[in-house]
$ cat query10.cif   # mmCIF, C-alpha atoms
data_query
loop_
_atom_site.label_atom_id
_atom_site.label_comp_id
_atom_site.auth_asym_id
_atom_site.auth_seq_id
_atom_site.Cartn_x
_atom_site.Cartn_y
_atom_site.Cartn_z
CA MET W 995 -17.43 -19.22 -20.74
CA GLU W 996 -16.02 -22.47 -22.06
CA ALA W 997 -14.61 -25.21 -19.89
CA THR W 998 -10.88 -25.87 -20.01
CA VAL W 999 -9.99 -26.99 -23.51
CA SER W 1000 -6.66 -28.70 -23.53
CA THR W 1001 -6.24 -29.56 -27.21
CA ALA W 1002 -7.63 -28.22 -30.43
CA ASN W 1003 -10.14 -30.93 -31.23
CA ASN W 1004 -10.68 -32.42 -27.83
CA ASN W 1005 -14.17 -31.76 -26.55
CA GLU W 1006 -13.66 -33.76 -23.40
CA LYS W 1007 -13.98 -31.69 -20.25
CA THR W 1008 -11.20 -31.90 -17.67
CA TRP W 1009 -13.69 -30.88 -15.02
CA GLY W 1010 -15.71 -34.01 -15.95
CA GLY W 1011 -19.43 -34.39 -16.33
CA GLY W 1012 -19.83 -32.38 -19.49
CA ASP W 1013 -20.36 -28.76 -20.40
CA ASP W 1014 -23.65 -28.00 -18.69
CA ILE W 1015 -23.03 -29.30 -15.20
CA GLN W 1016 -19.76 -27.70 -14.20
CA PRO W 1017 -19.64 -26.89 -10.48
CA LEU W 1018 -20.77 -23.26 -9.99
CA GLY W 1019 -20.75 -22.87 -13.75
CA ALA W 1020 -17.02 -22.20 -13.83
CA SER W 1021 -14.24 -24.07 -15.56
CA TYR W 1022 -11.68 -25.84 -13.42
CA GLY W 1023 -8.91 -23.33 -14.04
CA LYS W 1024 -11.06 -20.31 -13.28
CA MET W 1025 -12.45 -21.88 -10.16
CA MET W 1026 -8.94 -22.58 -8.85
CA MET W 1027 -7.96 -18.98 -9.59
CA TRP W 1028 -10.92 -17.83 -7.53
CA PHE W 1029 -9.86 -20.16 -4.71
CA PHE W 1030 -6.41 -18.60 -4.78
CA ILE W 1031 -7.80 -15.07 -4.90
CA VAL W 1032 -10.06 -15.68 -1.90
CA SER W 1033 -7.19 -17.04 0.18
CA ASP W 1034 -4.83 -14.27 -0.92
CA ALA W 1035 -7.48 -11.65 -0.17
CA LEU W 1036 -7.71 -13.03 3.36
CA THR W 1037 -3.91 -12.88 3.69
CA PHE W 1038 -3.86 -9.21 2.72
CA SER W 1039 -6.83 -8.52 5.00
CA GLY W 1040 -4.84 -10.07 7.81
CA PHE W 1041 -1.92 -7.70 7.14
CA LEU W 1042 -4.11 -4.63 6.84
CA ALA W 1043 -6.07 -5.56 9.96
CA ALA W 1044 -2.77 -6.00 11.82
CA TYR W 1045 -1.80 -2.52 10.65
CA GLY W 1046 -5.12 -1.23 12.00
CA PHE W 1047 -4.48 -3.03 15.30
CA SER W 1048 -1.08 -1.37 15.75
CA ARG W 1049 -2.41 1.98 14.68
CA PHE W 1050 -5.26 1.79 17.19
CA LYS W 1051 -2.73 0.92 19.88
CA PHE W 1052 -0.73 4.06 19.13
CA ILE W 1053 -3.58 6.18 17.80
CA GLU W 1054 -2.29 9.38 19.47
CA THR W 1055 1.26 9.12 18.16
CA TRP W 1056 0.92 7.57 14.69
CA PRO W 1057 2.82 9.41 11.90
CA LEU W 1058 0.82 11.59 9.48
CA ALA W 1059 0.99 10.17 5.95
CA ASP W 1060 0.85 13.70 4.50
CA GLU W 1061 4.19 14.51 6.11
CA VAL W 1062 5.90 11.27 5.13
CA PHE W 1063 5.06 10.79 1.44
CA THR W 1064 5.71 14.24 0.00
CA HIS W 1065 8.01 13.58 -2.93
CA PHE W 1066 7.35 13.93 -6.63
CA PRO W 1067 9.91 13.29 -9.41
CA PHE W 1068 11.80 16.39 -10.63
CA MET W 1069 10.20 18.54 -7.93
CA HIS W 1070 12.91 18.52 -5.33
CA GLY W 1071 12.15 20.32 -2.09
CA VAL W 1072 8.50 20.86 -3.00
CA SER W 1073 6.08 19.24 -0.59
CA ALA W 1074 3.58 17.40 -2.80
CA PRO W 1075 1.69 14.88 -0.71
CA MET W 1076 -0.64 12.41 -2.44
CA TYR W 1077 0.20 13.34 -6.04
CA TYR W 1078 2.78 10.66 -6.64
CA VAL W 1079 0.75 7.84 -5.12
CA ALA W 1080 -2.31 9.06 -7.05
CA LEU W 1081 -0.25 8.78 -10.23
CA MET W 1082 0.76 5.23 -9.28
CA THR W 1083 -2.90 4.38 -8.69
CA PHE W 1084 -3.81 5.64 -12.15
CA ILE W 1085 -1.02 3.61 -13.75
CA LEU W 1086 -2.31 0.46 -12.06
CA ILE W 1087 -5.96 1.12 -12.91
CA PHE W 1088 -4.99 1.79 -16.51
CA SER W 1089 -3.01 -1.43 -16.75
CA SER W 1090 -6.12 -3.17 -15.42
CA VAL W 1091 -8.10 -1.63 -18.26
CA THR W 1092 -5.66 -2.84 -20.92
CA MET W 1093 -5.81 -6.29 -19.31
CA VAL W 1094 -9.58 -6.44 -19.50
CA LEU W 1095 -9.39 -5.21 -23.11
CA ALA W 1096 -7.01 -8.11 -23.84
CA VAL W 1097 -9.53 -10.53 -22.34
CA ASP W 1098 -12.27 -8.92 -24.42
CA ALA W 1099 -10.22 -9.26 -27.61
CA GLY W 1100 -9.55 -12.88 -26.64
CA HIS W 1101 -13.27 -13.59 -26.66
CA GLN W 1102 -13.30 -12.50 -30.28
CA LEU W 1103 -10.17 -14.56 -31.03
CA LYS W 1104 -8.24 -11.52 -32.25
CA LYS W 1105 -4.66 -12.57 -31.68
CA THR W 1106 -2.86 -9.32 -32.54
CA LYS W 1107 -5.18 -7.23 -30.40
CA VAL W 1108 -4.69 -9.57 -27.42
CA ALA W 1109 -0.92 -9.36 -27.84
CA VAL W 1110 -0.90 -5.55 -28.03
CA TYR W 1111 -3.07 -5.13 -24.94
CA MET W 1112 -1.05 -7.73 -23.01
CA PHE W 1113 2.11 -5.84 -23.90
CA LEU W 1114 0.64 -2.56 -22.63
CA THR W 1115 -0.38 -4.30 -19.40
CA ILE W 1116 3.16 -5.55 -18.88
CA ILE W 1117 4.55 -2.04 -19.44
CA GLY W 1118 2.05 -0.60 -16.94
CA GLY W 1119 3.02 -3.21 -14.38
CA LEU W 1120 6.72 -2.47 -14.81
CA ILE W 1121 6.17 1.29 -14.42
CA PHE W 1122 4.21 0.65 -11.25
CA VAL W 1123 6.93 -1.54 -9.71
CA GLY W 1124 9.52 1.07 -10.68
CA SER W 1125 7.47 3.83 -9.06
CA GLN W 1126 7.20 1.81 -5.91
CA ALA W 1127 10.98 1.37 -5.86
CA TRP W 1128 11.38 5.15 -6.08
CA GLU W 1129 8.89 5.62 -3.25
CA TRP W 1130 10.85 3.16 -1.13
CA LYS W 1131 14.11 4.94 -1.93
CA ASN W 1132 12.76 8.24 -0.61
CA PHE W 1133 11.27 6.56 2.41
CA ILE W 1134 14.52 4.80 3.29
CA LYS W 1135 16.67 7.86 2.69
CA GLY W 1136 14.51 10.20 4.77
CA GLU W 1137 14.60 13.96 4.64
CA TYR W 1138 15.04 15.66 8.01
CA GLY W 1139 16.38 13.16 10.50
CA ALA W 1140 15.26 12.87 14.11
CA ILE W 1141 16.34 11.91 17.62
CA GLU W 1142 15.22 8.89 19.57
CA THR W 1143 15.14 9.22 23.36
CA ALA W 1144 16.06 6.62 25.94
CA GLY W 1145 12.32 5.97 26.43
CA GLY W 1146 11.86 5.13 22.76
CA SER W 1147 9.97 8.25 21.68
CA LEU W 1148 10.93 10.23 18.63
CA LEU W 1149 11.82 13.94 18.59
CA GLN W 1150 11.77 16.04 15.43
CA PHE W 1151 13.04 19.61 14.97
CA VAL W 1152 11.04 22.64 13.86
CA ASP W 1153 11.63 26.40 13.67
CA LYS W 1154 9.41 29.10 15.21
CA GLU W 1155 6.82 28.80 12.42
CA GLY W 1156 6.57 25.07 12.94
CA LYS W 1157 8.42 24.22 9.71
CA ARG W 1158 10.59 21.11 9.82
CA VAL W 1159 14.36 21.61 10.09
CA ALA W 1160 16.85 19.00 8.94
CA LEU W 1161 19.64 17.86 11.26
CA ALA W 1162 22.23 18.92 8.69
CA ASP W 1163 20.99 22.52 8.95
CA PHE W 1164 21.99 23.02 12.56
CA ALA W 1165 24.14 20.18 13.90
CA VAL W 1166 27.75 21.18 14.57
CA LYS W 1167 30.83 19.15 13.70
CA LEU W 1168 32.67 18.16 16.84
CA PRO W 1169 36.30 17.08 16.61
CA GLU W 1170 35.61 13.80 18.39
CA GLN W 1171 34.57 11.32 15.71
CA ARG W 1172 33.57 7.73 16.08
CA GLU W 1173 33.96 5.43 13.15
CA ALA W 1174 31.72 2.45 12.64
CA LEU W 1175 33.39 -0.67 14.01
CA THR W 1176 33.92 -3.02 11.12
CA ARG W 1177 35.35 -6.54 11.09
CA SER W 1178 38.59 -5.36 9.56
CA HIS W 1179 39.26 -3.25 12.67
CA SER W 1180 38.25 -5.81 15.28
CA SER W 1181 37.82 -9.40 16.26
CA TRP W 1182 35.22 -11.47 14.44
CA PHE W 1183 32.60 -11.07 17.14
CA MET W 1184 32.89 -7.29 17.39
CA GLU W 1185 30.94 -5.35 14.85
CA ASP W 1186 28.45 -2.51 14.86
CA ALA W 1187 24.98 -3.72 14.05
CA GLU W 1188 24.17 -0.53 12.17
CA THR W 1189 26.02 2.01 10.13
CA GLN W 1190 26.80 5.26 11.87
CA PRO W 1191 24.51 8.23 11.27
CA THR W 1192 25.99 11.45 9.86
CA PHE W 1193 25.90 13.16 13.26
CA THR W 1194 26.39 12.00 16.81
CA VAL W 1195 23.89 12.74 19.57
CA ALA W 1196 26.37 15.21 21.11
CA GLU W 1197 26.67 17.11 17.82
CA VAL W 1198 22.89 17.45 17.52
CA GLN W 1199 22.62 18.57 21.15
CA ALA W 1200 25.40 21.15 20.70
CA GLY W 1201 23.80 22.43 17.49
CA PHE W 1202 20.43 22.74 19.22
CA GLU W 1203 22.12 24.71 22.02
CA ALA W 1204 23.62 27.09 19.46
CA HIS W 1205 20.31 27.75 17.67
CA PRO W 1206 17.86 29.24 20.21
CA GLU W 1207 15.12 29.56 17.56
CA LEU W 1208 14.73 25.80 17.26
CA LEU W 1209 12.00 23.82 19.00
CA ILE W 1210 11.19 20.16 19.36
CA ARG W 1211 8.14 18.44 18.00
CA THR W 1212 6.94 15.23 19.64
CA GLU W 1213 4.92 12.38 18.16
CA GLN W 1214 1.86 13.32 20.21
CA LEU W 1215 -1.09 14.41 18.07
CA THR W 1216 -3.23 17.37 19.15
CA ASP W 1217 -7.01 17.71 18.77
CA LYS W 1218 -6.38 19.37 15.41
CA LYS W 1219 -4.44 16.32 14.18
CA LYS W 1220 -1.12 18.14 14.24
CA LYS W 1221 2.05 17.12 16.07
CA THR W 1222 2.69 18.81 19.43
CA VAL W 1223 5.44 21.46 19.48
CA LEU W 1224 7.16 21.92 22.85
CA SER W 1225 8.39 25.16 24.39
CA ARG W 1226 12.13 25.91 24.35
CA THR W 1227 12.73 24.82 27.97
CA GLU W 1228 10.68 21.63 27.53
CA SER W 1229 12.57 20.98 24.32
CA GLU W 1230 15.92 21.27 26.07
CA SER W 1231 14.92 18.86 28.81
CA ARG W 1232 13.55 16.31 26.31
CA LEU W 1233 16.68 16.50 24.20
CA SER W 1234 18.91 15.76 27.19
CA SER W 1235 17.56 12.18 27.19
CA ALA W 1236 18.52 11.65 23.53
CA LYS W 1237 19.93 8.24 22.75
CA TYR W 1238 20.11 7.77 18.95
CA VAL W 1239 20.28 9.89 15.85
CA VAL W 1240 17.76 8.47 13.37
CA GLU W 1241 18.11 9.18 9.66
CA GLY W 1242 15.69 7.68 7.17
CA ALA W 1243 13.99 4.38 7.83
CA ASN W 1244 14.87 0.76 8.38
CA LEU W 1245 13.11 -2.12 10.10
CA THR W 1246 14.46 -1.13 13.53
CA ARG W 1247 13.71 2.59 13.68
CA ASN W 1248 12.61 5.39 11.40
CA GLU W 1249 12.57 9.18 11.49
CA TYR W 1250 8.82 9.41 10.86
CA GLY W 1251 7.60 8.14 14.21
CA SER W 1252 6.29 4.81 15.45
CA LYS W 1253 8.69 1.97 14.64
CA LEU W 1254 5.80 -0.20 13.53
CA PHE W 1255 4.82 2.33 10.88
CA ALA W 1256 7.90 1.65 8.75
CA ASP W 1257 7.69 -2.09 9.39
CA PHE W 1258 4.13 -2.24 8.10
CA PHE W 1259 4.93 0.06 5.20
CA PHE W 1260 7.81 -2.14 4.07
CA PHE W 1261 5.93 -5.36 4.63
CA ILE W 1262 2.55 -4.54 3.09
CA THR W 1263 3.68 -2.44 0.12
CA GLY W 1264 6.55 -4.89 -0.37
CA PHE W 1265 4.21 -7.86 -0.41
CA HIS W 1266 1.93 -6.06 -2.83
CA GLY W 1267 4.88 -5.04 -5.02
CA PHE W 1268 5.97 -8.67 -5.06
CA HIS W 1269 2.49 -9.60 -6.30
CA VAL W 1270 2.75 -7.01 -9.07
CA PHE W 1271 6.18 -8.34 -9.99
CA SER W 1272 4.89 -11.94 -10.13
CA GLY W 1273 1.95 -10.71 -12.19
CA VAL W 1274 4.33 -9.11 -14.69
CA ILE W 1275 6.29 -12.36 -15.00
CA ILE W 1276 3.12 -14.41 -15.51
CA ASN W 1277 1.84 -11.84 -18.00
CA ILE W 1278 5.10 -12.09 -19.96
CA ILE W 1279 4.78 -15.88 -20.16
CA ILE W 1280 1.18 -15.65 -21.37
CA PHE W 1281 2.17 -12.87 -23.76
CA PHE W 1282 4.69 -15.14 -25.46
CA ASN W 1283 2.14 -17.95 -25.57
CA VAL W 1284 -0.22 -15.58 -27.35
CA LEU W 1285 2.50 -14.65 -29.85
CA LEU W 1286 3.30 -18.32 -30.47
CA GLY W 1287 -0.37 -18.92 -31.20
CA THR W 1288 -0.91 -21.45 -28.40
CA TYR W 1289 -4.38 -20.13 -27.61
CA GLU W 1290 -5.18 -19.58 -31.27
CA LYS W 1291 -4.75 -23.32 -31.79
CA ARG W 1292 -6.96 -24.08 -28.78
CA ARG W 1293 -9.58 -21.68 -30.12
CA SER W 1294 -9.83 -20.39 -26.55
CA TYR W 1295 -8.12 -17.51 -24.78
CA GLU W 1296 -9.23 -18.62 -21.34
CA MET W 1297 -5.67 -18.53 -20.04
CA VAL W 1298 -5.61 -14.76 -20.67
CA GLU W 1299 -8.83 -14.53 -18.69
CA LYS W 1300 -7.29 -16.39 -15.74
CA VAL W 1301 -4.14 -14.29 -15.60
CA GLY W 1302 -6.44 -11.29 -15.97
CA LEU W 1303 -8.30 -12.31 -12.83
CA TYR W 1304 -5.02 -12.33 -10.93
CA TRP W 1305 -3.98 -8.96 -12.35
CA HIS W 1306 -7.27 -7.30 -11.38
CA PHE W 1307 -6.93 -8.76 -7.93
CA VAL W 1308 -3.55 -7.04 -7.54
CA ASP W 1309 -5.24 -3.77 -8.55
CA LEU W 1310 -8.02 -4.46 -6.05
CA VAL W 1311 -5.52 -4.90 -3.23
CA TRP W 1312 -3.82 -1.63 -4.17
CA VAL W 1313 -7.15 0.21 -3.86
CA PHE W 1314 -7.27 -0.84 -0.20
CA VAL W 1315 -3.56 -0.26 0.49
CA PHE W 1316 -3.92 3.24 -0.99
CA THR W 1317 -6.84 4.08 1.31
CA VAL W 1318 -5.35 2.60 4.44
CA PHE W 1319 -1.79 3.94 4.09
CA TYR W 1320 -2.24 7.27 2.36
CA LEU W 1321 -5.75 8.57 2.91
CA VAL W 1322 -7.07 7.55 6.31
CA MET R 289 -21.77 -15.90 -18.69
CA SER R 290 -20.07 -14.63 -21.79
CA HIS R 291 -21.29 -17.31 -24.18
CA GLU R 292 -22.33 -14.76 -26.75
CA HIS R 293 -18.80 -13.24 -26.91
CA VAL R 294 -20.00 -9.73 -27.55
CA SER R 295 -17.48 -6.99 -27.16
CA ASN R 296 -18.16 -4.75 -24.21
CA THR R 297 -15.36 -2.22 -24.63
CA LYS R 298 -17.85 0.57 -24.03
CA ARG R 299 -18.58 -0.66 -20.53
CA ILE R 300 -14.85 -1.13 -19.84
CA TRP R 301 -14.11 2.51 -20.68
CA PHE R 302 -17.11 3.64 -18.66
CA VAL R 303 -15.81 1.77 -15.61
CA PHE R 304 -12.35 3.19 -16.17
CA GLY R 305 -13.81 6.72 -16.19
CA LEU R 306 -15.74 5.97 -13.03
CA LEU R 307 -12.72 4.58 -11.16
CA SER R 308 -10.58 7.54 -12.25
CA ALA R 309 -13.21 10.05 -11.16
CA VAL R 310 -13.52 8.40 -7.74
CA THR R 311 -9.73 8.38 -7.33
CA ILE R 312 -9.55 12.08 -8.21
CA VAL R 313 -12.24 12.87 -5.64
CA GLU R 314 -10.30 10.87 -3.03
CA VAL R 315 -7.06 12.67 -3.80
CA ILE R 316 -8.69 16.13 -3.66
CA LEU R 317 -10.31 15.31 -0.32
CA GLY R 318 -7.00 13.84 0.89
CA ILE R 319 -5.11 17.03 0.04
CA TYR R 320 -7.61 19.62 1.29
CA LYS R 321 -9.09 17.63 4.19
CA PRO R 322 -12.13 19.87 4.83
CA ALA R 323 -12.30 20.55 8.57
CA SER R 324 -16.09 20.11 8.59
CA LEU R 325 -15.59 16.51 7.50
CA GLU R 326 -12.42 15.76 9.42
CA PHE R 327 -13.60 16.86 12.86
CA ASN R 328 -17.16 15.57 12.83
CA HIS R 329 -17.57 12.00 13.94
CA PHE R 330 -20.17 9.39 13.20
CA ILE R 331 -19.98 6.10 15.16
CA GLY R 332 -16.37 6.59 16.23
CA LEU R 333 -15.06 7.44 12.76
CA ASN R 334 -14.77 10.92 11.25
CA LEU R 335 -16.85 11.72 8.18
CA LEU R 336 -13.80 12.07 5.92
CA ASN R 337 -12.70 8.53 6.69
CA TRP R 338 -16.26 7.29 6.19
CA ILE R 339 -16.18 8.82 2.71
CA PHE R 340 -12.78 7.25 1.97
CA TYR R 341 -13.92 3.79 3.03
CA ILE R 342 -17.23 4.00 1.16
CA LEU R 343 -15.46 5.14 -2.03
CA THR R 344 -12.95 2.30 -1.61
CA ILE R 345 -15.71 -0.29 -1.37
CA PHE R 346 -17.38 1.35 -4.37
CA LYS R 347 -14.17 1.02 -6.43
CA ALA R 348 -13.67 -2.55 -5.23
CA TYR R 349 -17.22 -3.42 -6.32
CA TYR R 350 -16.59 -2.15 -9.86
CA ILE R 351 -13.21 -3.85 -10.15
CA VAL R 352 -14.65 -7.21 -9.09
CA TRP R 353 -17.95 -6.92 -10.95
CA ALA R 354 -16.81 -5.37 -14.23
CA PHE R 355 -13.10 -6.18 -14.60
CA MET R 356 -13.10 -9.60 -12.96
CA HIS R 357 -16.43 -10.21 -14.66
CA MET R 358 -18.21 -11.31 -11.52
CA GLU R 359 -21.45 -9.99 -12.97
CA GLY R 360 -21.31 -12.73 -15.60
CA GLU R 361 -20.76 -15.59 -13.17
CA LYS R 362 -23.45 -17.75 -11.61
CA SER R 363 -24.87 -16.40 -8.37
CA SER R 364 -23.64 -19.51 -6.53
CA LEU R 365 -20.02 -18.60 -7.41
CA ARG R 366 -20.62 -14.94 -6.56
CA TRP R 367 -21.95 -15.77 -3.13
CA SER R 368 -19.28 -18.34 -2.33
CA VAL R 369 -16.52 -15.84 -3.03
CA VAL R 370 -17.99 -12.59 -1.76
CA SER R 371 -19.85 -13.70 1.34
CA SER R 372 -16.96 -15.72 2.79
CA VAL R 373 -14.45 -12.90 2.28
CA VAL R 374 -16.79 -10.20 3.60
CA PHE R 375 -17.77 -12.20 6.67
CA LEU R 376 -14.22 -13.21 7.62
CA VAL R 377 -12.79 -9.72 7.03
CA LEU R 378 -15.48 -8.03 9.14
CA TYR R 379 -14.91 -10.55 11.91
CA LEU R 380 -11.12 -10.08 11.81
CA LEU R 381 -11.42 -6.29 11.80
CA PHE R 382 -13.86 -6.34 14.70
CA ILE R 383 -11.57 -8.49 16.87
CA LEU R 384 -8.29 -6.73 16.05
CA LEU R 385 -9.54 -3.16 16.22
CA THR R 386 -11.36 -3.78 19.50
CA GLU R 387 -8.22 -5.31 21.01
CA GLY R 388 -6.02 -2.54 19.63
CA HIS R 389 -8.27 0.03 21.26
CA TYR R 390 -8.15 -1.89 24.53
CA ILE R 391 -4.33 -1.91 24.55
CA TYR R 392 -4.35 1.82 23.81
CA GLY R 393 -6.39 2.24 27.01
CA VAL R 394 -3.93 0.12 28.98
CA PHE R 395 -1.00 2.28 27.83
CA LYS R 396 -2.91 5.47 28.58
CA ASN R 397 -4.45 4.68 31.94
CA SER R 398 -1.98 2.41 33.68
CA ILE R 399 1.66 2.81 34.61
CA ILE R 400 2.86 0.53 31.81
CA LYS R 401 5.05 2.26 29.26
CA TRP R 402 6.22 -0.38 26.88
CA ASN R 403 6.88 0.35 23.27
CA PHE R 404 6.42 -2.77 21.16
#

$ encode --input "query10.cif" --output "C-alpha cells"
Amino acid sequence: MEATVSTANNNEKTWGGGDDIQPLGASYGKMMMWFFIVSDALTFSGFLAAYGFSRFKFIETWPLADEVFTHFPFMHGVSAPMYYVALMTFILIFSSVTMVLAVDAGHQLKKTKVAVYMFLTIIGGLIFVGSQAWEWKNFIKGEYGAIETAGGSLLQFVDKEGKRVALADFAVKLPEQREALTRSHSSWFMEDAETQPTFTVAEVQAGFEAHPELLIRTEQLTDKKKKTVLSRTESESRLSSAKYVVEGANLTRNEYGSKLFADFFFFITGFHGFHVFSGVIINIIIFFNVLLGTYEKRRSYEMVEKVGLYWHFVDLVWVFVFTVFYLV
Amino acid sequence: MSHEHVSNTKRIWFVFGLLSAVTIVEVILGIYKPASLEFNHFIGLNLLNWIFYILTIFKAYYIVWAFMHMEGEKSSLRWSVVSSVVFLVLYLLFILLTEGHYIYGVFKNSIIKWNF
C-alpha cells in the first residue's frame, strides 16, 4: 500500500516522515477512513442497542417480523416472508464484490476494468436503495389495519382459523361521515394533525358486531411465539374501548404493534439507506475521476480503495440490520 | 500489505460464495424456524438466535478481513480498530439490555402501565 500520492512525480509523503515509518503502516487517507468507520460503527451500534433496549422492555408484545415483511414484487397477496430482504442482501453483497474487484483492478492499474466494476457497484447500490423504498412503501401502506384502544394497546382481527382479516373486509359504511378538518374549512389554528382513516371506530365496531365469526388478536405473545387470540366475548369487551383506527405505519402509531417498532424501523433502515445513497454519490464522483484518468496520472488508485472501504462498511452494517430486524 | 499487487480475484469469489451460502442458510432457518432450535435456550437466548448471531459475526469477519483488506494491514491497525469497537459495543449492549430487562420487570410486576 502506497502513501498518499498527490501528484504524478511527487514522491513527498503528505503523512511526513517517509515511506517506511507511516503510523500503523497506513496512508493518511486510509487511516482517516478507518477513523470515520470506527465512529460510524459505534453510531450504528448505539441505534441497534437502543432497538434491543426497547425490544427487551416490550419483549412479550413485540411484533413478529415474519408477519410484517411479507411482500414480494409481482406476488400480490402471497405471504412470502424473508425472500425480498434476502434478495436485497444478495444485491448488496454482490455490489461489495464488484467494488473489491474494482480495487483489485486498480492495483494493476487497469483503468477500463476499474471503471466497469465501479459502474456495476453504482448500479447495485441504486437497486438496493430502490428496493428499500419499495419495502418502506409496503410498510407505510399496511395491509390489514388495526384498532388502538384507550390504553394504547393494539387489536388486530382474525377469523376462526386465526387468519388475519382486513378492516375493509368487514367494516360497515355508516351514514355519519366525518371529514378531515383542513385549513380551508376552519380558522388557522384548527386543523387535524392526521389524515382520517378509511373507517371510523364506530364502523369497525358495527362491522365486528355483524360478523360473529371474527375474533380479536392482541399483541401478547404466547409460549409458542404466536400472538394471543381472544374468545368472542373477550373480543367484544376489548373492542368497546377502541379509540383509533390504525392503517399502515407512521411515526406516531402503526398497525403492526409496538409504536417503537415502526420508529426504529424507519430510523435505522432510513439511516442505513442514507449511507447507501451517499455511497452511491461518492462512487459516482470517483467513477468519473477514473474515466477522466485522474488516478491513471497519479499512478495510484488509492482513492478507489478508500471509497471501497466505505462501501464495504455499508454492507457490513446491513449484515447486522438484517439479523436484528428480520431474523431474530 | 499489498505491495506486490498480485491479483486475488480467486479469493474474492471464494468469499462471495461463502457469504452467499451463509445468507442462504440464515434465510432457510428464518423461514422454517425449527422448533427444536427455537424453544431450547442456552444462557437466556434460544439456539436459533445463537446461530443467527454467530453467522452474522462470521459474515462480518469475512467482510472486514477480505473485502476491507484488514488481513493485509499491520496488526497495530487491526487491533486499534477491532478491539475498541468490540469492547465498546459489548459494554453498550450489556448496559442497555440489562436495563431494558429491568424495565420489563417493572411493567410486569408493579402497577405502572405506561406505554413509552

$ atom_distance --input "query10.cif" --atom1 "CA of Ala1043 in chain W" --atom2 "CA of Leu381 in chain R"
5.7 Å

$ resolve_selection --input "query10.cif" --expression "the PyMOL selection byres ((chain R) within 7 of (chain W))" --output "JSON, numbers by chain"
{"R": [289, 290, 291, 293, 295, 297, 300, 304, 315, 318, 319, 337, 340, 344, 348, 351, 355, 356, 362, 364, 365, 369, 373, 377, 381, 384, 385, 388, 389, 391, 392, 403]}

$ residues_near_point --input "query10.cif" --point "(17.9, 15.5, 26.9)" --cutoff "12 Å" --atoms "only C-alpha atoms" --output "PDB file with C-alpha atoms, in the coordinates of the input"
ATOM      1  CA  ILE W1141      16.340  11.910  17.620  1.00  0.00           C
ATOM      2  CA  GLU W1142      15.220   8.890  19.570  1.00  0.00           C
ATOM      3  CA  THR W1143      15.140   9.220  23.360  1.00  0.00           C
ATOM      4  CA  ALA W1144      16.060   6.620  25.940  1.00  0.00           C
ATOM      5  CA  GLY W1145      12.320   5.970  26.430  1.00  0.00           C
ATOM      6  CA  SER W1147       9.970   8.250  21.680  1.00  0.00           C
ATOM      7  CA  LEU W1149      11.820  13.940  18.590  1.00  0.00           C
ATOM      8  CA  VAL W1195      23.890  12.740  19.570  1.00  0.00           C
ATOM      9  CA  ALA W1196      26.370  15.210  21.110  1.00  0.00           C
ATOM     10  CA  VAL W1198      22.890  17.450  17.520  1.00  0.00           C
ATOM     11  CA  GLN W1199      22.620  18.570  21.150  1.00  0.00           C
ATOM     12  CA  ALA W1200      25.400  21.150  20.700  1.00  0.00           C
ATOM     13  CA  PHE W1202      20.430  22.740  19.220  1.00  0.00           C
ATOM     14  CA  GLU W1203      22.120  24.710  22.020  1.00  0.00           C
ATOM     15  CA  ILE W1210      11.190  20.160  19.360  1.00  0.00           C
ATOM     16  CA  THR W1227      12.730  24.820  27.970  1.00  0.00           C
ATOM     17  CA  GLU W1228      10.680  21.630  27.530  1.00  0.00           C
ATOM     18  CA  SER W1229      12.570  20.980  24.320  1.00  0.00           C
ATOM     19  CA  GLU W1230      15.920  21.270  26.070  1.00  0.00           C
ATOM     20  CA  SER W1231      14.920  18.860  28.810  1.00  0.00           C
ATOM     21  CA  ARG W1232      13.550  16.310  26.310  1.00  0.00           C
ATOM     22  CA  LEU W1233      16.680  16.500  24.200  1.00  0.00           C
ATOM     23  CA  SER W1234      18.910  15.760  27.190  1.00  0.00           C
ATOM     24  CA  SER W1235      17.560  12.180  27.190  1.00  0.00           C
ATOM     25  CA  ALA W1236      18.520  11.650  23.530  1.00  0.00           C
ATOM     26  CA  LYS W1237      19.930   8.240  22.750  1.00  0.00           C
ATOM     27  CA  TYR W1238      20.110   7.770  18.950  1.00  0.00           C
TER      28      TYR W1238
END

$ atom_distance --input "query10.cif" --atom1 "CA of Phe1259 in chain W" --atom2 "CA of Glu387 in chain R"
21.3 Å

$ resolve_selection --input "query10.cif" --expression "the PyMOL selection byres ((chain W and resi 1126) around 9)" --output "short mmCIF file (atom, residue, chain, number, x, y, z; two decimals) with C-alpha atoms, in the coordinates of the input"
data_model
loop_
_atom_site.label_atom_id
_atom_site.label_comp_id
_atom_site.auth_asym_id
_atom_site.auth_seq_id
_atom_site.Cartn_x
_atom_site.Cartn_y
_atom_site.Cartn_z
CA VAL W 1079 0.75 7.84 -5.12
CA MET W 1082 0.76 5.23 -9.28
CA ILE W 1121 6.17 1.29 -14.42
CA PHE W 1122 4.21 0.65 -11.25
CA VAL W 1123 6.93 -1.54 -9.71
CA GLY W 1124 9.52 1.07 -10.68
CA SER W 1125 7.47 3.83 -9.06
CA ALA W 1127 10.98 1.37 -5.86
CA TRP W 1128 11.38 5.15 -6.08
CA GLU W 1129 8.89 5.62 -3.25
CA TRP W 1130 10.85 3.16 -1.13
CA LYS W 1131 14.11 4.94 -1.93
CA THR W 1263 3.68 -2.44 0.12
CA GLY W 1264 6.55 -4.89 -0.37
CA GLY W 1267 4.88 -5.04 -5.02
#

$ closest_residue --input "query10.cif" --among "R:Val313, R:Ile345, R:Ala354, R:Leu335" --to "Lys298 in chain R" --atoms "only C-alpha atoms"
R:Ala354

$ resolve_selection --input "query10.cif" --expression "the PyMOL selection byres ((chain W and resi 1272) around 12)" --output "compact mmCIF listing (two decimals) with C-alpha atoms, keeping the file's coordinate frame"
# COMPACT_ATOMS: atom_id res chain seq x y z
CA ILE W 1116 3.16 -5.55 -18.88
CA GLY W 1119 3.02 -3.21 -14.38
CA LEU W 1120 6.72 -2.47 -14.81
CA VAL W 1123 6.93 -1.54 -9.71
CA PHE W 1265 4.21 -7.86 -0.41
CA HIS W 1266 1.93 -6.06 -2.83
CA GLY W 1267 4.88 -5.04 -5.02
CA PHE W 1268 5.97 -8.67 -5.06
CA HIS W 1269 2.49 -9.60 -6.30
CA VAL W 1270 2.75 -7.01 -9.07
CA PHE W 1271 6.18 -8.34 -9.99
CA GLY W 1273 1.95 -10.71 -12.19
CA VAL W 1274 4.33 -9.11 -14.69
CA ILE W 1275 6.29 -12.36 -15.00
CA ILE W 1276 3.12 -14.41 -15.51
CA ASN W 1277 1.84 -11.84 -18.00
CA ILE W 1278 5.10 -12.09 -19.96
CA ILE W 1279 4.78 -15.88 -20.16
CA VAL W 1301 -4.14 -14.29 -15.60
CA TYR W 1304 -5.02 -12.33 -10.93
CA TRP W 1305 -3.98 -8.96 -12.35
CA VAL W 1308 -3.55 -7.04 -7.54
